[in-house]
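data10.cif (mmCIF, C-alpha atoms (C1' of nucleotides))
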data_my_file
#
loop_
_atom_site.label_atom_id
_atom_site.label_comp_id
_atom_site.auth_asym_id
_atom_site.auth_seq_id
_atom_site.Cartn_x
_atom_site.Cartn_y
_atom_site.Cartn_z
CA MET L 1 24.19 4.63 -20.90
CA ARG L 2 21.48 7.21 -21.24
CA LYS L 3 21.01 6.92 -24.99
CA ARG L 4 20.94 3.13 -25.01
CA LEU L 5 18.47 3.12 -22.16
CA LEU L 6 16.18 5.62 -23.86
CA THR L 7 16.27 3.69 -27.12
CA TRP L 8 15.42 0.48 -25.31
CA PHE L 9 12.57 2.22 -23.50
CA SER L 10 11.03 3.60 -26.66
CA ASP L 11 10.89 0.04 -28.03
CA ASN L 12 9.85 -1.80 -24.86
CA ALA L 13 7.83 0.55 -22.68
CA ARG L 14 4.61 -0.89 -21.34
CA ASP L 15 1.45 0.89 -22.37
CA LEU L 16 0.39 2.23 -18.98
CA PRO L 17 -2.67 4.45 -18.54
CA TRP L 18 -0.74 7.28 -16.88
CA ARG L 19 1.62 7.37 -19.84
CA ARG L 20 -1.14 7.99 -22.37
CA ASP L 21 -2.45 10.95 -20.40
CA HIS L 22 0.22 12.24 -18.05
CA SER L 23 -1.61 15.09 -16.34
CA PRO L 24 -0.19 15.84 -12.87
CA TYR L 25 -3.36 14.55 -11.24
CA ARG L 26 -3.19 11.20 -12.98
CA VAL L 27 0.54 10.78 -12.44
CA TRP L 28 0.08 11.66 -8.77
CA ILE L 29 -2.62 9.03 -8.28
CA SER L 30 -0.57 6.43 -10.11
CA GLU L 31 2.54 7.18 -8.06
CA ILE L 32 0.71 6.93 -4.75
CA MET L 33 -0.92 3.66 -5.79
CA CYS L 34 2.41 2.28 -6.94
CA GLN L 35 4.12 2.91 -3.61
CA GLN L 36 5.15 -0.53 -2.37
CA THR L 37 2.72 -2.03 -4.86
CA GLN L 38 3.38 -3.70 -8.18
CA VAL L 39 2.13 -2.00 -11.33
CA ALA L 40 0.02 -4.98 -12.36
CA THR L 41 -1.85 -4.80 -9.06
CA VAL L 42 -2.48 -1.08 -9.49
CA LEU L 43 -3.98 -1.09 -12.99
CA PRO L 44 -7.60 -2.04 -12.21
CA TYR L 45 -7.63 0.23 -9.17
CA PHE L 46 -6.30 3.16 -11.19
CA GLU L 47 -8.98 3.01 -13.85
CA ARG L 48 -11.76 2.69 -11.31
CA PHE L 49 -10.37 5.51 -9.18
CA LEU L 50 -10.05 7.92 -12.09
CA SER L 51 -13.57 7.14 -13.26
CA THR L 52 -14.96 7.84 -9.81
CA TYR L 53 -12.81 10.89 -9.08
CA PRO L 54 -11.86 12.44 -12.43
CA THR L 55 -10.62 15.72 -10.92
CA ILE L 56 -8.89 17.07 -7.85
CA ARG L 57 -12.14 18.68 -6.70
CA ASN L 58 -14.04 15.41 -7.10
CA LEU L 59 -11.45 13.75 -4.89
CA ALA L 60 -11.52 16.55 -2.34
CA ASP L 61 -15.30 16.20 -2.11
CA ALA L 62 -15.17 12.40 -1.91
CA ASP L 63 -17.06 10.54 0.76
CA GLU L 64 -14.41 9.11 3.03
CA ASN L 65 -16.08 5.71 3.28
CA GLN L 66 -16.37 5.42 -0.47
CA LEU L 67 -12.78 6.50 -0.91
CA MET L 68 -11.54 3.84 1.47
CA ARG L 69 -13.80 1.31 -0.24
CA MET L 70 -12.08 2.14 -3.54
CA TRP L 71 -8.74 1.44 -1.90
CA GLU L 72 -9.80 -1.84 -0.33
CA GLY L 73 -7.29 -4.57 -1.13
CA LEU L 74 -4.43 -2.25 -2.03
CA GLY L 75 -3.14 -2.08 1.52
CA TYR L 76 -1.20 0.73 3.20
CA TYR L 77 -4.50 2.51 3.66
CA ARG L 78 -2.94 5.69 4.97
CA ARG L 79 -2.15 6.42 1.33
CA ALA L 80 -5.83 6.87 0.56
CA ARG L 81 -6.34 9.17 3.53
CA SER L 82 -3.31 11.20 2.51
CA LEU L 83 -4.69 11.50 -1.03
CA HIS L 84 -7.91 12.91 0.36
CA ALA L 85 -6.09 15.37 2.61
CA ALA L 86 -3.82 16.45 -0.23
CA ALA L 87 -6.76 17.06 -2.57
CA LYS L 88 -8.44 19.21 0.07
CA LYS L 89 -5.23 21.13 0.53
CA MET L 90 -5.01 21.76 -3.20
CA VAL L 91 -8.55 23.14 -3.20
CA GLU L 92 -7.82 25.40 -0.25
CA GLU L 93 -4.31 26.57 -1.07
CA HIS L 94 -3.93 26.13 -4.82
CA ASP L 95 -7.38 26.97 -6.13
CA GLY L 96 -8.06 23.33 -6.93
CA GLU L 97 -5.07 23.08 -9.26
CA PHE L 98 -2.13 20.76 -8.89
CA PRO L 99 0.77 22.86 -7.48
CA GLU L 100 3.53 23.63 -9.93
CA SER L 101 6.67 23.94 -7.85
CA PHE L 102 8.60 20.96 -6.49
CA ASP L 103 8.48 22.36 -2.96
CA ASP L 104 4.71 22.81 -3.05
CA VAL L 105 4.28 19.26 -4.35
CA LEU L 106 6.62 17.92 -1.68
CA ALA L 107 4.59 19.71 0.99
CA LEU L 108 1.49 17.64 0.18
CA PRO L 109 0.70 14.78 2.56
CA GLY L 110 1.82 11.37 1.38
CA ILE L 111 4.40 12.83 -1.01
CA GLY L 112 8.09 12.42 -0.26
CA ARG L 113 11.20 13.11 -2.27
CA TYR L 114 10.67 10.22 -4.66
CA THR L 115 7.03 10.95 -5.46
CA ALA L 116 7.57 14.70 -5.85
CA GLY L 117 10.42 14.04 -8.27
CA ALA L 118 8.38 11.46 -10.15
CA ILE L 119 5.43 13.82 -10.60
CA GLN L 120 7.58 16.75 -11.72
CA SER L 121 9.58 14.67 -14.15
CA ILE L 122 6.99 12.30 -15.56
CA SER L 123 4.17 14.79 -15.77
CA ARG L 124 6.03 18.02 -16.52
CA ASN L 125 9.33 16.74 -17.91
CA GLN L 126 11.23 18.73 -15.28
CA ALA L 127 14.72 17.67 -14.27
CA PHE L 128 14.19 16.14 -10.83
CA PRO L 129 15.83 12.83 -9.89
CA ILE L 130 14.04 9.83 -8.47
CA LEU L 131 15.11 6.88 -6.36
CA GLU L 132 12.90 3.91 -5.51
CA GLY L 133 13.12 0.14 -5.51
CA ASN L 134 13.84 -0.23 -9.22
CA THR L 135 16.35 2.56 -9.72
CA GLN L 136 18.05 1.72 -6.45
CA ARG L 137 18.75 -1.74 -7.84
CA VAL L 138 19.56 -0.63 -11.40
CA PHE L 139 22.02 2.06 -10.34
CA SER L 140 23.59 -0.09 -7.62
CA ARG L 141 24.35 -2.80 -10.14
CA TRP L 142 25.47 -0.35 -12.77
CA ILE L 143 28.18 1.17 -10.55
CA GLY L 144 28.88 -2.02 -8.63
CA LEU L 145 27.75 -0.59 -5.31
CA THR L 146 28.11 -3.45 -2.84
CA VAL L 147 27.07 -1.67 0.34
CA PRO L 148 23.38 -2.27 1.13
CA PRO L 149 21.33 0.45 -0.59
CA THR L 150 19.53 1.25 2.63
CA GLU L 151 22.66 2.66 4.23
CA LYS L 152 22.95 6.39 4.36
CA ILE L 153 26.13 6.59 2.30
CA ALA L 154 24.57 4.42 -0.40
CA GLN L 155 21.43 6.54 -0.50
CA ALA L 156 23.51 9.67 -0.92
CA ARG L 157 25.52 8.20 -3.78
CA LEU L 158 22.45 6.81 -5.53
CA TRP L 159 20.51 10.06 -5.34
CA GLU L 160 23.54 11.88 -6.62
CA LEU L 161 23.88 9.44 -9.50
CA SER L 162 20.19 9.62 -10.32
CA ASP L 163 20.53 13.38 -10.51
CA LYS L 164 23.72 13.30 -12.57
CA MET L 165 22.23 10.93 -15.15
CA LEU L 166 19.22 13.15 -15.78
CA PRO L 167 19.06 14.78 -19.23
CA ARG L 168 19.63 18.50 -18.61
CA ARG L 169 19.29 19.85 -22.10
CA LYS L 170 15.89 21.40 -22.41
CA SER L 171 14.01 19.08 -24.66
CA ASP L 172 10.48 19.45 -25.90
CA ASP L 173 10.55 15.76 -26.62
CA ARG L 174 9.48 14.09 -23.40
CA SER L 175 10.86 10.76 -24.51
CA ASN L 176 14.42 12.15 -24.48
CA GLY L 177 13.99 14.32 -21.40
CA PRO L 178 13.65 13.65 -17.67
CA ALA L 179 10.21 12.13 -18.25
CA GLY L 180 11.67 9.51 -20.55
CA PHE L 181 14.81 8.85 -18.57
CA ASN L 182 13.24 8.38 -15.15
CA GLN L 183 10.57 6.08 -16.49
CA ALA L 184 13.11 4.19 -18.59
CA ALA L 185 15.31 3.54 -15.56
CA MET L 186 12.36 2.24 -13.56
CA GLU L 187 11.07 0.17 -16.46
CA LEU L 188 14.47 -1.44 -16.88
CA GLY L 189 14.40 -2.41 -13.22
CA ALA L 190 10.89 -3.80 -13.53
CA LEU L 191 11.34 -5.77 -16.78
CA ILE L 192 15.04 -6.63 -17.09
CA CYS L 193 17.09 -5.76 -14.02
CA SER L 194 14.88 -7.76 -11.69
CA PRO L 195 15.72 -8.54 -8.06
CA ARG L 196 16.38 -12.22 -8.79
CA SER L 197 17.69 -13.69 -12.02
CA PRO L 198 18.13 -10.40 -13.90
CA LYS L 199 17.93 -10.82 -17.67
CA CYS L 200 21.37 -9.43 -18.40
CA GLY L 201 21.30 -11.08 -21.83
CA GLU L 202 18.48 -8.74 -22.84
CA CYS L 203 19.79 -5.65 -21.08
CA PRO L 204 20.66 -2.66 -23.29
CA VAL L 205 23.40 -1.49 -20.91
CA ALA L 206 24.85 -4.84 -19.80
CA THR L 207 28.16 -4.15 -21.53
CA ILE L 208 28.76 -1.08 -19.37
CA CYS L 209 27.31 -2.54 -16.18
CA HIS L 210 29.81 -3.00 -13.38
CA ALA L 211 27.88 -5.82 -11.75
CA ASN L 212 27.48 -7.68 -15.03
CA GLN L 213 31.15 -7.36 -15.88
CA GLN L 214 32.14 -8.80 -12.50
CA GLY L 215 29.34 -11.34 -12.33
CA LEU L 216 27.95 -9.67 -9.23
CA GLN L 217 24.41 -9.17 -10.46
CA ASP L 218 23.10 -11.76 -7.99
CA ASP L 219 24.95 -10.18 -5.06
CA ILE L 220 23.91 -6.57 -5.70
CA PRO L 221 22.04 -5.01 -4.11
CA GLY L 222 23.07 -6.64 -0.86
CA LYS L 223 20.66 -8.20 1.54
CA ILE L 224 18.21 -5.68 2.89
CA SER L 225 15.89 -8.04 4.73
CA LYS L 226 15.70 -7.35 8.40
CA VAL L 227 12.05 -8.21 8.64
CA GLN L 228 11.07 -10.53 11.41
CA TYR L 229 8.03 -12.49 10.38
CA GLU L 230 5.51 -12.79 13.16
CA SER L 231 2.83 -15.40 13.54
CA ARG L 232 -0.33 -14.02 15.11
CA THR L 233 -3.56 -15.64 16.14
CA GLU L 234 -6.59 -13.39 16.42
CA ILE L 235 -10.28 -13.91 17.04
CA ALA L 236 -13.14 -12.16 15.25
CA VAL L 237 -16.75 -12.39 16.38
CA VAL L 238 -19.95 -12.37 14.38
CA ILE L 239 -22.80 -11.06 16.50
CA SER L 240 -26.15 -10.71 14.76
CA ARG L 241 -29.52 -9.24 15.55
CA ASP L 242 -32.39 -9.21 13.08
CA ASP L 243 -30.21 -9.72 9.99
CA ARG L 244 -27.80 -7.07 11.15
CA TYR L 245 -24.27 -7.57 12.30
CA LEU L 246 -22.26 -5.79 14.93
CA VAL L 247 -19.32 -3.81 13.53
CA ARG L 248 -17.35 -0.77 14.51
CA THR L 249 -15.44 2.07 12.90
CA ILE L 250 -11.73 1.91 13.62
CA PRO L 251 -10.58 5.15 15.27
CA GLU L 252 -7.90 7.48 13.96
CA GLY L 253 -4.27 6.77 14.52
CA VAL L 254 -4.32 2.96 14.49
CA ARG L 255 -4.21 0.36 11.76
CA PHE L 256 -7.32 0.23 9.57
CA ALA L 257 -8.15 3.77 10.68
CA GLY L 258 -11.48 4.86 9.22
CA MET L 259 -12.44 1.37 8.14
CA ILE L 260 -15.17 -0.92 9.40
CA ASP L 261 -14.40 -4.16 11.22
CA PHE L 262 -16.06 -6.94 13.10
CA PRO L 263 -15.13 -7.22 16.76
CA ARG L 264 -11.59 -8.50 16.57
CA ALA L 265 -8.67 -8.86 18.95
CA GLY L 266 -5.52 -10.83 19.57
CA PRO L 267 -2.75 -10.82 22.14
CA PRO L 268 -2.29 -8.96 24.35
CA GLU L 269 -5.96 -7.91 24.50
CA ALA L 270 -7.31 -11.41 23.94
CA ASP L 271 -5.23 -14.59 24.10
CA ASP L 272 -8.11 -17.02 23.61
CA VAL L 273 -11.89 -17.36 23.46
CA VAL L 274 -12.34 -16.53 27.13
CA GLY L 275 -10.01 -13.56 26.84
CA MET L 276 -11.97 -12.39 23.82
CA GLU L 277 -15.25 -12.60 25.71
CA SER L 278 -13.99 -10.41 28.51
CA TRP L 279 -12.23 -7.97 26.22
CA LEU L 280 -15.31 -7.50 24.07
CA ALA L 281 -17.60 -7.25 27.09
CA GLY L 282 -15.33 -4.49 28.31
CA GLN L 283 -15.70 -2.68 25.01
CA LEU L 284 -19.45 -3.03 24.70
CA GLY L 285 -20.74 -3.35 28.24
CA GLY L 286 -22.89 -6.29 29.26
CA ASP L 287 -21.86 -9.88 28.66
CA VAL L 288 -20.44 -11.54 25.59
CA THR L 289 -20.49 -15.28 24.95
CA LEU L 290 -18.67 -16.84 22.03
CA GLY L 291 -20.26 -19.74 20.21
CA MET L 292 -19.16 -22.09 17.48
CA ARG L 293 -16.21 -21.38 15.22
CA LEU L 294 -17.43 -20.59 11.72
CA LYS L 295 -14.08 -20.61 9.97
CA THR L 296 -10.38 -20.14 10.38
CA ILE L 297 -8.83 -17.72 7.91
CA LYS L 298 -5.12 -17.76 7.12
CA HIS L 299 -3.84 -14.46 5.87
CA ALA L 300 -0.29 -13.31 5.18
CA VAL L 301 0.15 -9.57 5.09
CA THR L 302 3.29 -7.46 5.31
CA ARG L 303 5.38 -9.14 7.98
CA TYR L 304 2.48 -10.86 9.70
CA ARG L 305 1.34 -14.45 9.27
CA MET L 306 -2.12 -14.35 10.70
CA THR L 307 -4.52 -17.06 11.75
CA LEU L 308 -7.96 -15.60 12.32
CA HIS L 309 -10.60 -17.67 14.10
CA VAL L 310 -14.09 -16.43 13.28
CA HIS L 311 -16.65 -17.27 15.96
CA LEU L 312 -20.34 -16.70 16.35
CA GLY L 313 -21.14 -14.72 19.45
CA GLU L 314 -23.95 -13.35 21.57
CA TRP L 315 -24.10 -10.03 23.29
CA ASN L 316 -26.39 -9.79 26.30
CA VAL L 317 -26.95 -6.24 27.34
CA ASN L 318 -27.76 -6.32 31.00
CA SER L 319 -25.79 -3.46 32.40
CA ASP L 320 -26.96 0.04 33.13
CA ARG L 321 -24.45 1.42 30.69
CA VAL L 322 -26.27 0.33 27.58
CA ALA L 323 -29.99 -0.18 27.52
CA GLU L 324 -31.41 -2.92 25.32
CA ASP L 325 -32.68 -0.51 22.72
CA GLY L 326 -30.52 2.39 23.74
CA PRO L 327 -27.71 4.02 21.85
CA MET L 328 -24.78 1.91 20.74
CA PRO L 329 -21.42 2.55 22.34
CA ASP L 330 -19.37 5.05 20.39
CA SER L 331 -18.22 3.85 16.97
CA TRP L 332 -20.26 0.62 17.05
CA GLN L 333 -23.22 -0.03 14.78
CA TRP L 334 -25.50 -2.74 13.40
CA ALA L 335 -25.24 -3.26 9.65
CA THR L 336 -26.93 -5.52 7.12
CA VAL L 337 -24.95 -7.50 4.59
CA ASP L 338 -26.04 -5.03 1.92
CA GLU L 339 -24.79 -2.13 3.99
CA LEU L 340 -21.52 -3.90 4.72
CA ALA L 341 -20.99 -4.26 0.99
CA ASP L 342 -20.49 -0.50 0.70
CA MET L 343 -18.31 -0.11 3.79
CA PRO L 344 -14.52 -0.16 3.64
CA MET L 345 -13.03 -3.22 5.31
CA SER L 346 -9.76 -5.07 5.52
CA VAL L 347 -9.35 -8.12 3.31
CA THR L 348 -10.05 -10.44 6.23
CA GLY L 349 -13.06 -8.38 7.23
CA ARG L 350 -14.42 -8.73 3.70
CA LYS L 351 -13.89 -12.48 3.86
CA ILE L 352 -16.05 -12.60 6.96
CA VAL L 353 -18.78 -10.70 5.13
CA ARG L 354 -18.66 -13.27 2.37
CA LEU L 355 -19.24 -15.97 4.96
CA LEU L 356 -22.47 -14.25 5.92
CA ASP L 357 -23.60 -13.83 2.37
CA ARG L 358 -23.61 -17.51 1.52
CA PRO L 359 -25.73 -20.58 2.17
CA GLN L 360 -24.47 -20.67 5.74
CA ARG L 361 -26.62 -17.68 6.28
CA SER L 362 -29.60 -19.92 6.87
CA LEU L 363 -27.53 -21.57 9.53
CA PHE L 364 -27.31 -18.33 11.45
CA SER L 365 -30.95 -17.51 11.38
CA GLU L 366 -31.67 -20.67 13.33
CA LEU L 367 -29.29 -19.74 16.09
"C1'" DA E 1 18.37 4.75 11.96
"C1'" DA E 2 14.64 1.82 12.83
"C1'" DC E 3 10.00 0.81 12.53
"C1'" DA E 4 5.01 0.59 11.08
"C1'" DC E 5 2.21 0.04 7.39
"C1'" DG E 6 -2.42 -5.34 8.32
"C1'" DG E 7 -1.99 -6.21 0.41
"C1'" DG E 8 -0.44 -9.01 -3.23
"C1'" DG E 9 2.62 -11.20 -6.64
"C1'" DG E 10 6.41 -14.20 -7.78
"C1'" DG E 11 10.02 -17.56 -7.05
"C1'" DC U 1 7.84 -20.04 2.94
"C1'" DC U 2 10.48 -15.85 1.84
"C1'" DC U 3 11.30 -11.62 -0.61
"C1'" DC U 4 10.08 -7.57 -2.93
"C1'" DC U 5 7.08 -4.01 -4.65
"C1'" DA U 6 7.23 3.41 -8.87
"C1'" DG U 7 7.84 4.93 -0.13
"C1'" DT U 8 6.18 7.92 3.56
"C1'" DG U 9 5.59 9.36 8.19
"C1'" DT U 10 6.78 8.65 12.86
"C1'" DT U 11 9.72 7.62 16.78
#
What is this file in structure tokens?
Amino acid sequence: MRKRLLTWFSDNARDLPWRRDHSPYRVWISEIMCQQTQVATVLPYFERFLSTYPTIRNLADADENQLMRMWEGLGYYRRARSLHAAAKKMVEEHDGEFPESFDDVLALPGIGRYTAGAIQSISRNQAFPILEGNTQRVFSRWIGLTVPPTEKIAQARLWELSDKMLPRRKSDDRSNGPAGFNQAAMELGALICSPRSPKCGECPVATICHANQQGLQDDIPGKISKVQYESRTEIAVVISRDDRYLVRTIPEGVRFAGMIDFPRAGPPEADDVVGMESWLAGQLGGDVTLGMRLKTIKHAVTRYRMTLHVHLGEWNVNSDRVAEDGPMPDSWQWATVDELADMPMSVTGRKIVRLLDRPQRSLFSEL
DNA sequence: AACACGGGGGG
DNA sequence: CCCCCAGTGTT
């Protein structure tokens, strides 16, 4: 199994940027970006990220807004914040170097058992097993494991198998060592042993694959999906004043933490336009009146199927809490379109910015 | 063990 | 539309 897989990999491996230069720093960044994200999606982000932050210290010193801006569109934004925290930890505790031991790597934020094993094996050719979406599927099919791979017993068997398959013989040749094997197993899952319609006819190990022999390749791994898709309707509000728009910084601990967003809410805070007006007035002080609907944005993300109504709005400050020219409530600010361009936003937030940046803009200035 | 994570690609 | 993706951290 191992030899056939390695031979196949040496002939079919994709030319990925973290394979050309496999320093721990680069492999780390690539692994974090690849979490729950397809390789093809990662590529442009990886190159840009490495150009902006070529070293651990550059990343540790990064401006948080710029860092989040670099991550915009990749999703799972906590990954970017964990990267930053981990880089700072490396500067403080490891003299700015990437830690060498598995346990020290595992102790970094955002790094679990898979990622620690991937870094140690791919970067340093050390014998640590990995288990992720690809290898879970490849190994399950190979041994004919019919229990869903998410179950505890399946996880235990798969980790054990991943470890047992690892080349132990100390090899200077990365391609025949843990670096080669772990990447080969993942690559097989990505290119051949795909979730649906696996290309068993092109698979180097089909003849010794339990699932293939029994014709179970479409039934293994078993159904994992427990996700309940949820339709959500939310309202966002564009409030302008002298070519500036009202936005806020999302606080720690909630979704979009550290990013910038237009006033936005959905159930239970705001069920409709009237609910939005009162919710936003409660946030800002004064009165808020929503105007015409500029656009409705449909956006599917993770398990949510969102419909976002974007309205114009007016904010009349007439309470004692906030004077007309006084300080903004905490975390809120006025920003121009140019300023918004450099701020990190969700994909839907960025779509709203693009609405402002177009011909319709003249439409606003008359309102 | 179950859930959140708020992006995108592919069938 | 549904499922999956080089998973991790939290409850």
Closest atom pairs, residues of chain L within 8 Å of chain U, all atoms listed in the file, as a tab-separated table:
residue	atom	partner	partner_atom	distance
L:Glu31	CA	U:DA6	C1'	6.1
L:Cys34	CA	U:DA6	C1'	5.3
L:Gln35	CA	U:DG7	C1'	5.5
L:Gln36	CA	U:DC5	C1'	4.6
L:Thr37	CA	U:DC5	C1'	4.8
L:Gln38	CA	U:DC5	C1'	5.1
L:Val39	CA	U:DA6	C1'	7.8
L:Gly110	CA	U:DT8	C1'	6.0
L:Ile111	CA	U:DT8	C1'	6.9
L:Gly112	CA	U:DT8	C1'	6.2
L:Tyr114	CA	U:DG7	C1'	7.5
L:Glu132	CA	U:DA6	C1'	6.6
L:Gly133	CA	U:DC5	C1'	7.4
L:Asn134	CA	U:DA6	C1'	7.6
L:Met186	CA	U:DA6	C1'	7.0
L:Pro195	CA	U:DC4	C1'	7.7
L:Ser225	CA	U:DC3	C1'	7.9
Counting all atoms listed in the file, note down every residue that has an atom within 7 Å of the point (-29.4, -11.1, 7.2) (file coordinates), as a ChimeraX atom specification. /L:242-244,336-337
Selection from above, C-alpha atoms, as an mmCIF file, in the frame of the given file, can you write it?
data_model
loop_
_atom_site.group_PDB
_atom_site.id
_atom_site.type_symbol
_atom_site.label_atom_id
_atom_site.label_comp_id
_atom_site.auth_asym_id
_atom_site.auth_seq_id
_atom_site.Cartn_x
_atom_site.Cartn_y
_atom_site.Cartn_z
ATOM 1 C CA ASP L 242 -32.390 -9.210 13.080
ATOM 2 C CA ASP L 243 -30.210 -9.720 9.990
ATOM 3 C CA ARG L 244 -27.800 -7.070 11.150
ATOM 4 C CA THR L 336 -26.930 -5.520 7.120
ATOM 5 C CA VAL L 337 -24.950 -7.500 4.590
#
Per residue of chain E within 9 Å of chain L, record the nearest atom pair and its distance in Å to one decimal, counting all atoms listed in the file, with rows in chain order and ascending residue number, as JSON lines.
{"residue": "E:DC5", "atom": "C1'", "partner": "L:Tyr76", "partner_atom": "CA", "distance": 5.4}
{"residue": "E:DG6", "atom": "C1'", "partner": "L:Val301", "partner_atom": "CA", "distance": 5.9}
{"residue": "E:DG7", "atom": "C1'", "partner": "L:Gly75", "partner_atom": "CA", "distance": 4.4}
{"residue": "E:DG8", "atom": "C1'", "partner": "L:Thr41", "partner_atom": "CA", "distance": 7.3}
{"residue": "E:DG9", "atom": "C1'", "partner": "L:Gln38", "partner_atom": "CA", "distance": 7.7}
{"residue": "E:DG11", "atom": "C1'", "partner": "L:Arg196", "partner_atom": "CA", "distance": 8.5}
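If you measure from each of L:Met276, L:Ile239, L:Leu356, L:Met68 to Met259 in chain L using only C-alpha atoms, the closest one turns out to be L:Met68.
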What does the PyMOL selection byres ((chain L and resi 354) around 12) select in this file, as a list in words?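 Taken on the displayed file, the PyMOL selection byres ((chain L and resi 354) around 12) yields the residues Leu294, Lys295, Val337, Asp338, Leu340, Ala341, Met345, Val347, Thr348, Gly349, Arg350, Lys351, Ile352, Val353, Leu355, Leu356, Asp357, Arg358, Pro359, Gln360 and Arg361 of chain L.
We find CA of Arg141 in chain L and CA of Arg14 in chain L to be spaced 22.8 Å apart.
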Please identify all polymer residues lying at most 12 Å from the point (-12.8, 3.8, 6.5) (file coordinates), using only C-alpha atoms (C1' of nucleotides), and present the result as a PyMOL selection string. chain L and resi 63-72+77-78+80-81+248-252+254-261+331+340+342-346
Print the selection's residues with C-alpha atoms to a file, as a short mmCIF file (atom, residue, chain, number, x, y, z; two decimals), in the coordinates of the input.
data_model
loop_
_atom_site.label_atom_id
_atom_site.label_comp_id
_atom_site.auth_asym_id
_atom_site.auth_seq_id
_atom_site.Cartn_x
_atom_site.Cartn_y
_atom_site.Cartn_z
CA ASP L 63 -17.06 10.54 0.76
CA GLU L 64 -14.41 9.11 3.03
CA ASN L 65 -16.08 5.71 3.28
CA GLN L 66 -16.37 5.42 -0.47
CA LEU L 67 -12.78 6.50 -0.91
CA MET L 68 -11.54 3.84 1.47
CA ARG L 69 -13.80 1.31 -0.24
CA MET L 70 -12.08 2.14 -3.54
CA TRP L 71 -8.74 1.44 -1.90
CA GLU L 72 -9.80 -1.84 -0.33
CA TYR L 77 -4.50 2.51 3.66
CA ARG L 78 -2.94 5.69 4.97
CA ALA L 80 -5.83 6.87 0.56
CA ARG L 81 -6.34 9.17 3.53
CA ARG L 248 -17.35 -0.77 14.51
CA THR L 249 -15.44 2.07 12.90
CA ILE L 250 -11.73 1.91 13.62
CA PRO L 251 -10.58 5.15 15.27
CA GLU L 252 -7.90 7.48 13.96
CA VAL L 254 -4.32 2.96 14.49
CA ARG L 255 -4.21 0.36 11.76
CA PHE L 256 -7.32 0.23 9.57
CA ALA L 257 -8.15 3.77 10.68
CA GLY L 258 -11.48 4.86 9.22
CA MET L 259 -12.44 1.37 8.14
CA ILE L 260 -15.17 -0.92 9.40
CA ASP L 261 -14.40 -4.16 11.22
CA SER L 331 -18.22 3.85 16.97
CA LEU L 340 -21.52 -3.90 4.72
CA ASP L 342 -20.49 -0.50 0.70
CA MET L 343 -18.31 -0.11 3.79
CA PRO L 344 -14.52 -0.16 3.64
CA MET L 345 -13.03 -3.22 5.31
CA SER L 346 -9.76 -5.07 5.52
#
Pick from L:Arg113, L:Lys199, L:Arg124, L:Lys226: nearest to Pro148 in chain L, with all atoms listed in the file counted?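 Checking each of L:Arg113, L:Lys199, L:Arg124, L:Lys226 against Pro148 in chain L, counting all atoms listed in the file, the winner is L:Lys226.
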Interatomic distance between CA of Arg57 in chain L and CA of Glu92 in chain L? 10.3 Å
Starting from the PyMOL selection byres ((chain L and resi 102) around 8), expand the selection into actual residues of this file and give them as a PyMOL selection string. chain L and resi 100-101+103-106+116-117+120
Record the distance separating CA of Ser82 in chain L and CA of Thr115 in chain L, expressed in Å with one decimal. 13.1 Å
L:Glu187, L:Asp172, L:Glu234, L:Asp271 ranked by distance to Thr307 in chain L, top pick (using all atoms listed in the file): L:Glu234
With a distance cut-off of 10 Å and all atoms listed in the file, select the neighbouring residues of Trp8 in chain L, excluding the residue or stretch itself and same-chain residues fewer than 4 positions from it, and output the selection as a ChimeraX atom specification. /L:2-4,12-13,184,187-188,203-205
